Each structure stands twice: as structure tokens, then as C-alpha cells.
$ cat protein_10.cif   # mmCIF, C-alpha atoms and all ligand atoms
data_target
#
loop_
_atom_site.label_atom_id
_atom_site.label_comp_id
_atom_site.auth_asym_id
_atom_site.auth_seq_id
_atom_site.Cartn_x
_atom_site.Cartn_y
_atom_site.Cartn_z
CA MET A 1 -122.27 26.78 -59.28
CA SER A 2 -121.28 28.11 -55.89
CA GLU A 3 -118.20 30.07 -54.96
CA VAL A 4 -116.60 28.32 -52.00
CA ASP A 5 -113.47 30.39 -51.66
CA GLU A 6 -111.98 33.57 -52.98
CA SER A 7 -108.54 33.38 -51.55
CA GLY A 8 -107.21 36.68 -52.82
CA GLN A 9 -104.06 37.36 -54.74
CA SER A 10 -101.43 35.01 -56.03
CA ALA A 11 -98.17 36.49 -57.31
CA ALA A 12 -98.46 40.28 -57.71
CA GLY A 13 -100.07 41.19 -61.01
CA GLN A 14 -100.90 37.57 -61.74
CA GLY A 15 -104.56 37.98 -60.84
CA ASP A 16 -106.81 36.35 -58.32
CA ARG A 17 -107.75 32.75 -57.67
CA ARG A 18 -111.28 31.51 -57.32
CA VAL A 19 -112.69 28.09 -56.48
CA TRP A 20 -116.14 26.97 -57.63
CA PHE A 21 -117.96 23.72 -56.88
CA LEU A 22 -119.81 22.42 -59.94
CA PRO A 23 -122.46 19.85 -58.93
CA ASP A 24 -123.35 18.72 -62.46
CA GLU A 25 -122.59 19.12 -66.16
CA ALA A 26 -124.91 22.14 -66.47
CA ALA A 27 -122.87 23.89 -63.76
CA THR A 28 -119.66 23.28 -65.72
CA GLU A 29 -121.25 24.86 -68.80
CA ALA A 30 -122.46 27.76 -66.64
CA ALA A 31 -118.90 28.21 -65.36
CA GLY A 32 -117.72 28.43 -68.96
CA ARG A 33 -120.29 31.16 -69.62
CA ALA A 34 -119.24 32.96 -66.44
CA LEU A 35 -115.61 32.92 -67.57
CA ILE A 36 -116.40 35.12 -70.57
CA ALA A 37 -116.71 38.22 -68.39
CA LEU A 38 -113.33 37.51 -66.79
CA LEU A 39 -111.23 37.04 -69.94
CA PRO A 40 -109.62 39.73 -72.09
CA ARG A 41 -109.88 39.68 -75.86
CA GLY A 42 -107.26 37.41 -77.43
CA ALA A 43 -106.82 35.41 -74.22
CA VAL A 44 -104.99 32.10 -74.03
CA LEU A 45 -106.73 29.84 -71.49
CA PHE A 46 -105.02 26.71 -70.14
CA LEU A 47 -107.36 23.89 -69.00
CA HIS A 48 -105.78 21.39 -66.60
CA GLY A 49 -107.35 18.17 -65.32
CA ASP A 50 -107.53 14.43 -65.92
CA LEU A 51 -109.56 12.75 -68.65
CA GLY A 52 -113.24 13.28 -67.85
CA ALA A 53 -112.62 16.26 -65.54
CA GLY A 54 -114.90 18.51 -67.61
CA LYS A 55 -112.47 20.59 -69.70
CA THR A 56 -114.34 20.15 -73.00
CA THR A 57 -117.67 20.74 -71.22
CA LEU A 58 -116.32 24.06 -69.95
CA VAL A 59 -115.29 25.11 -73.47
CA ARG A 60 -118.76 24.16 -74.74
CA GLY A 61 -120.22 26.51 -72.11
CA LEU A 62 -117.88 29.27 -73.24
CA LEU A 63 -118.92 28.75 -76.86
CA ARG A 64 -122.63 28.73 -75.98
CA GLY A 65 -122.18 31.92 -73.97
CA LEU A 66 -120.55 33.53 -77.00
CA GLY A 67 -123.58 32.61 -79.11
CA TYR A 68 -122.17 29.56 -80.87
CA ALA A 69 -125.06 27.22 -81.67
CA ASP A 70 -123.40 24.43 -83.71
CA SER A 71 -122.29 21.14 -82.21
CA VAL A 72 -119.02 21.25 -80.30
CA LYS A 73 -116.66 18.37 -81.03
CA SER A 74 -113.78 17.50 -78.75
CA PRO A 75 -110.42 18.12 -80.47
CA THR A 76 -109.03 14.90 -78.95
CA TYR A 77 -108.30 13.42 -82.38
CA THR A 78 -107.96 16.55 -84.50
CA ILE A 79 -105.73 18.37 -81.91
CA ILE A 80 -107.40 21.64 -82.91
CA GLU A 81 -111.00 22.67 -83.58
CA THR A 82 -111.69 26.14 -84.97
CA HIS A 83 -115.01 27.86 -84.27
CA ASP A 84 -116.09 30.97 -86.16
CA LEU A 85 -118.18 33.09 -83.81
CA GLY A 86 -118.97 35.67 -86.46
CA PHE A 87 -117.04 38.37 -84.57
CA GLY A 88 -113.85 36.39 -84.06
CA MET A 89 -112.40 32.89 -83.88
CA LEU A 90 -112.25 30.55 -80.93
CA TYR A 91 -109.45 27.98 -81.17
CA HIS A 92 -109.86 24.85 -79.05
CA LEU A 93 -106.79 22.64 -78.70
CA ASP A 94 -106.37 19.29 -76.99
CA LEU A 95 -102.71 18.26 -76.73
CA TYR A 96 -103.41 14.89 -75.07
CA ARG A 97 -102.16 13.00 -78.13
CA ILE A 98 -99.01 15.05 -78.60
CA SER A 99 -96.06 12.84 -77.72
CA ASP A 100 -93.35 15.49 -78.04
CA PRO A 101 -93.95 19.20 -77.25
CA ALA A 102 -91.97 20.06 -80.40
CA GLU A 103 -94.90 18.69 -82.47
CA ILE A 104 -96.71 21.90 -81.51
CA ASP A 105 -94.39 23.88 -83.77
CA PHE A 106 -95.71 21.98 -86.80
CA LEU A 107 -99.34 22.86 -86.08
CA GLY A 108 -98.77 26.50 -87.01
CA ILE A 109 -100.66 27.56 -83.92
CA GLU A 110 -98.24 30.33 -82.93
CA GLU A 111 -99.84 32.37 -85.72
CA LEU A 112 -103.20 32.07 -83.97
CA TYR A 113 -102.37 33.74 -80.69
CA GLY A 114 -103.60 37.29 -80.47
CA GLU A 115 -105.37 36.93 -83.79
CA GLY A 116 -108.13 34.85 -82.25
CA LEU A 117 -110.73 36.00 -79.79
CA LEU A 118 -109.83 33.14 -77.47
CA THR A 119 -107.56 30.09 -77.52
CA CYS A 120 -108.48 27.27 -75.11
CA ILE A 121 -105.83 24.58 -74.56
CA GLU A 122 -106.50 21.21 -72.90
CA TRP A 123 -103.44 19.27 -71.64
CA PRO A 124 -101.12 22.31 -71.93
CA GLN A 125 -98.37 20.48 -70.01
CA ARG A 126 -97.88 18.31 -73.12
CA GLY A 127 -96.81 21.44 -75.00
CA ALA A 128 -94.48 22.73 -72.30
CA GLY A 129 -91.92 25.15 -73.69
CA HIS A 130 -93.83 25.55 -76.98
CA LEU A 131 -96.88 27.51 -75.80
CA PRO A 132 -97.37 31.15 -74.85
CA VAL A 133 -97.77 32.29 -71.25
CA PRO A 134 -101.49 31.84 -70.48
CA ASP A 135 -103.75 34.76 -69.61
CA ALA A 136 -105.88 32.48 -67.43
CA GLU A 137 -105.70 28.93 -66.08
CA VAL A 138 -108.37 26.51 -64.90
CA TRP A 139 -107.82 23.33 -62.89
CA LEU A 140 -110.72 20.83 -62.90
CA SER A 141 -110.96 17.75 -60.70
CA VAL A 142 -113.59 15.22 -59.70
CA ASP A 143 -115.20 16.08 -56.35
CA GLY A 144 -117.81 13.53 -55.24
CA THR A 145 -120.34 13.30 -58.07
CA GLY A 146 -119.45 16.83 -59.24
CA ARG A 147 -116.34 18.80 -60.08
CA ARG A 148 -114.10 21.31 -58.37
CA LEU A 149 -112.88 24.22 -60.48
CA GLU A 150 -109.97 26.45 -59.55
CA LEU A 151 -109.45 29.53 -61.65
CA LYS A 152 -106.52 31.91 -61.89
CA VAL A 153 -107.24 35.05 -63.89
CA ASP A 154 -106.54 38.77 -63.80
CA ALA A 155 -110.09 40.05 -64.33
CA ARG A 156 -108.87 43.68 -64.51
CA ARG A 157 -107.55 42.97 -68.00
CA ALA A 158 -111.03 41.85 -69.07
CA LEU A 159 -112.42 45.21 -67.93
CA ALA A 160 -109.88 47.09 -70.07
CA ASP A 161 -110.35 44.93 -73.19
CA PRO A 162 -113.37 42.64 -72.86
CA LEU A 163 -113.76 39.48 -74.85
CA ARG A 164 -117.48 39.77 -75.43
CA ASN A 165 -117.57 43.23 -76.98
CA ALA A 166 -114.81 42.49 -79.47
CA GLY A 167 -115.97 43.32 -82.91
P1 LIG B 1 -112.48 16.33 -70.37
O1 LIG B 1 -112.54 17.25 -71.57
O2 LIG B 1 -111.83 17.00 -69.19
O3 LIG B 1 -111.88 15.00 -70.65
P2 LIG B 1 -115.39 16.27 -70.60
O4 LIG B 1 -115.73 17.73 -70.64
O5 LIG B 1 -115.38 15.54 -71.87
O6 LIG B 1 -113.97 16.06 -69.87
O7 LIG B 1 -116.40 15.65 -69.56
C1 LIG B 1 -116.38 14.30 -69.19
C2 LIG B 1 -117.67 13.95 -68.51
O8 LIG B 1 -117.85 14.68 -67.30
C3 LIG B 1 -118.89 14.21 -69.37
O9 LIG B 1 -119.69 13.06 -69.35
C4 LIG B 1 -119.58 15.37 -68.66
O10 LIG B 1 -120.98 15.28 -68.79
C5 LIG B 1 -119.17 15.15 -67.23
N1 LIG B 1 -119.23 16.36 -66.41
C6 LIG B 1 -118.81 17.59 -66.75
N2 LIG B 1 -118.95 18.45 -65.72
C7 LIG B 1 -119.50 17.75 -64.69
C8 LIG B 1 -119.89 18.07 -63.34
N3 LIG B 1 -119.73 19.33 -62.84
N4 LIG B 1 -120.41 17.09 -62.58
C9 LIG B 1 -120.54 15.84 -63.07
N5 LIG B 1 -120.22 15.46 -64.33
C10 LIG B 1 -119.68 16.41 -65.14
MG MG B 2 -111.60 17.07 -73.45
#
$ encode --input "protein_10.cif" --output "C-alpha cells"
Amino acid sequence: MSEVDESGQSAAGQGDRRVWFLPDEAATEAAGRALIALLPRGAVLFLHGDLGAGKTTLVRGLLRGLGYADSVKSPTYTIIETHDLGFGMLYHLDLYRISDPAEIDFLGIEELYGEGLLTCIEWPQRGAGHLPVPDAEVWLSVDGTGRRLELKVDARRALADPLRNAG
């Protein structure tokens, strides 16, 4: 994983943007682990990118970095997978199969935000208008045989209330 650009601030208070090149699957998992230090407790993370871009791989890296050893299933069919980390819950959503954003309201997920340690949402655009404002966003795209990751996060919030030391 190499940092190719750190292009400074986006909108004031909205955090900084980073771009990483991820040459292989292991690098995507490493990026997920690296994200842990940048996210505040209770964060909602949006994961953008086409099918096969590496969104679920990134969440697996996050889970491994948080000590989760069980197998990590993609929530493509279940919409939501819940992972008990022992010191908090990680909710992993994939809204690809949602045909109407209003379906989100029937999942009962609004009760999860803030309660969980982290909520990762693939295909958030399919839930437009029915999801909270994200604390961080990732855009993944195919780049040669690897992937390009763009990240928008306000890492100062992670310093004030870190995800990893939640307990
Ligand atoms: P998504 O959830 O975005 O649909 P997945 O995480 O399921 O994508 O990954 C799809 C495929 O991409 C998997 O076969 C995975 O091994 C591969 N992959 C993930 N990251 C990379 C990478 N940096 N370079 C090459 N292949 C990758
Ligand atoms: Mg996926």
C-alpha cells in the first residue's frame, strides 16, 4: 500500500482526502486495518465502488485488524451482517439488492447507528435519503491489476474518541 497523494483539505471541517494504490488483495486488507486508526468510535463508513472493486475485502481487513477471527461473509444476500467483536458490534451492510431506498426503513438499522462500534455500508447510494451522514467515505476502483482507494475522513475525531480503545 503506497500513499500517492495527500491533497489536503476538502470542505472545511470535512476532513482530509488521501489516495492509496493497492497492488493486491493483501494491500486492500492492510488498508482496512490502517483505517482503524483514522475512524472515531461509532463511525458510519460509506464504501463506494463497482462490483469487485474490493469493498468487502476492505471490511474483512478492518475486522481482522479489530481482532475478529471468524469467517467474513459478504452481506450481498442478507443485506446486513453483524459481527460481535467482544468490545462492540461491527455492522456490515450491502445495499446492492435494495430496489427502493425506503426499504432501508424496514431493516431497523437506524437503531444501530451510534450504538455500534462501526457501521460499514456498501452501495450507500442505493439508500440515498435514508442513511445518516457518513463519518468517512472510501471510493475503490480498478487500477491496472490492482485497486485505487480514495479516502475522505476527519482523523482528528479518531484522536478524540478512538475506535480501537472503545470498551
Ligand atoms: P466488492 O465488495 O467491492 O464487490 P470484493 O471485496 O468482493 O469486492 O473483491 C472482489 C475481488 O477483488 C476479490 O476477488 C478480491 O480478491 C479482489 N481484490 C481486492 N482487492 C484487490 C487489489 N488491491 N488488487 C487486486 N484484486 C483485489
Ligand atoms: Mg461486496
$ residues_around --input "protein_10.cif" --residues "region 135-146 of chain A" --least-positions-apart "5" --cutoff "8 Å" --atoms "all atoms listed in the file" --output "PyMOL selection string"
chain A and resi 21-25+39+43-50+53-55+151-154
$ residues_around --input "protein_10.cif" --residues "Gly67 (chain A)" --least-positions-apart "2" --cutoff "12 Å" --atoms "only C-alpha atoms" --output "count of residues only"
19
$ closest_residue --input "protein_10.cif" --among "A:Pro101, A:Pro75, A:Pro134, A:Pro124" --to "ligand MG 2 (chain B)" --atoms "all atoms listed in the file"
A:Pro75
$ atom_distance --input "protein_10.cif" --atom1 "CA of Gly129 (chain A)" --atom2 "CA of His92 (chain A)"
18.7 Å
$ residues_near_ligand --input "protein_10.cif" --ligand "ligand MG 2 (chain B)" --cutoff "7 Å" --atoms "all atoms listed in the file" --output "PyMOL selection string"
chain A and resi 51-52+54-56+74+76+94+122
$ closest_residue --input "protein_10.cif" --among "A:Val59, A:Ile109, A:Leu149, A:Ile121" --to "Lys73 (chain A)" --atoms "all atoms listed in the file"
A:Val59
$ residues_around --input "protein_10.cif" --residues "Ser99 (chain A)" --least-positions-apart "6" --cutoff "12 Å" --atoms "all atoms listed in the file" --output "count of residues only"
6
$ build_atoms --input "protein_10.cif" --residues "region 105-135 of chain A" --atoms "N, CA and C atoms" --output "compact mmCIF listing (two decimals), in the frame of the given file"
# COMPACT_ATOMS: atom_id res chain seq x y z
N ASP A 105 -94.94 22.91 -82.81
CA ASP A 105 -94.39 23.88 -83.77
C ASP A 105 -94.85 23.59 -85.19
N PHE A 106 -95.27 22.35 -85.46
CA PHE A 106 -95.71 21.98 -86.80
C PHE A 106 -97.20 22.23 -87.02
N LEU A 107 -97.90 22.59 -85.96
CA LEU A 107 -99.34 22.86 -86.08
C LEU A 107 -99.60 24.27 -86.61
N GLY A 108 -98.59 25.11 -86.56
CA GLY A 108 -98.77 26.50 -87.01
C GLY A 108 -99.62 27.32 -86.07
N ILE A 109 -99.74 26.87 -84.82
CA ILE A 109 -100.66 27.56 -83.92
C ILE A 109 -100.11 28.88 -83.39
N GLU A 110 -98.79 29.06 -83.46
CA GLU A 110 -98.24 30.33 -82.93
C GLU A 110 -98.80 31.52 -83.69
N GLU A 111 -99.25 31.28 -84.93
CA GLU A 111 -99.84 32.37 -85.72
C GLU A 111 -101.24 32.73 -85.21
N LEU A 112 -101.83 31.84 -84.42
CA LEU A 112 -103.20 32.07 -83.97
C LEU A 112 -103.29 33.01 -82.79
N TYR A 113 -102.28 32.98 -81.93
CA TYR A 113 -102.37 33.74 -80.69
C TYR A 113 -102.50 35.22 -80.98
N GLY A 114 -103.41 35.86 -80.27
CA GLY A 114 -103.60 37.29 -80.47
C GLY A 114 -104.54 37.56 -81.62
N GLU A 115 -104.47 36.75 -82.66
CA GLU A 115 -105.37 36.93 -83.79
C GLU A 115 -106.78 36.48 -83.42
N GLY A 116 -106.84 35.40 -82.66
CA GLY A 116 -108.13 34.85 -82.25
C GLY A 116 -108.74 35.63 -81.11
N LEU A 117 -110.02 35.41 -80.93
CA LEU A 117 -110.73 36.00 -79.79
C LEU A 117 -110.31 35.27 -78.52
N LEU A 118 -110.15 33.95 -78.64
CA LEU A 118 -109.83 33.14 -77.47
C LEU A 118 -109.22 31.82 -77.93
N THR A 119 -108.17 31.38 -77.25
CA THR A 119 -107.56 30.09 -77.52
C THR A 119 -107.60 29.27 -76.24
N CYS A 120 -108.34 28.15 -76.27
CA CYS A 120 -108.48 27.27 -75.11
C CYS A 120 -107.62 26.03 -75.34
N ILE A 121 -106.77 25.68 -74.36
CA ILE A 121 -105.83 24.58 -74.56
C ILE A 121 -105.96 23.54 -73.45
N GLU A 122 -106.46 22.33 -73.82
CA GLU A 122 -106.50 21.21 -72.90
C GLU A 122 -105.15 20.50 -72.91
N TRP A 123 -104.73 19.96 -71.78
CA TRP A 123 -103.44 19.27 -71.64
C TRP A 123 -102.26 20.17 -72.03
N PRO A 124 -102.20 21.40 -71.52
CA PRO A 124 -101.12 22.31 -71.93
C PRO A 124 -99.74 21.81 -71.49
N GLN A 125 -99.69 20.97 -70.46
CA GLN A 125 -98.37 20.48 -70.01
C GLN A 125 -97.68 19.66 -71.09
N ARG A 126 -98.48 19.10 -72.02
CA ARG A 126 -97.88 18.31 -73.12
C ARG A 126 -97.21 19.21 -74.15
N GLY A 127 -97.45 20.50 -74.06
CA GLY A 127 -96.81 21.44 -75.00
C GLY A 127 -95.81 22.34 -74.29
N ALA A 128 -95.37 21.90 -73.12
CA ALA A 128 -94.48 22.73 -72.30
C ALA A 128 -93.29 23.24 -73.10
N GLY A 129 -93.06 24.54 -73.00
CA GLY A 129 -91.92 25.15 -73.69
C GLY A 129 -92.25 25.60 -75.11
N HIS A 130 -93.45 25.21 -75.60
CA HIS A 130 -93.83 25.55 -76.98
C HIS A 130 -95.18 26.27 -77.03
N LEU A 131 -95.60 26.79 -75.88
CA LEU A 131 -96.88 27.51 -75.80
C LEU A 131 -96.64 28.89 -75.19
N PRO A 132 -97.52 29.84 -75.46
CA PRO A 132 -97.37 31.15 -74.85
C PRO A 132 -97.72 31.11 -73.36
N VAL A 133 -97.36 32.15 -72.65
CA VAL A 133 -97.77 32.29 -71.25
C VAL A 133 -99.28 32.48 -71.24
N PRO A 134 -100.02 31.71 -70.45
CA PRO A 134 -101.49 31.84 -70.48
C PRO A 134 -101.97 33.12 -69.79
N ASP A 135 -103.10 33.62 -70.25
CA ASP A 135 -103.75 34.76 -69.61
C ASP A 135 -104.63 34.31 -68.46
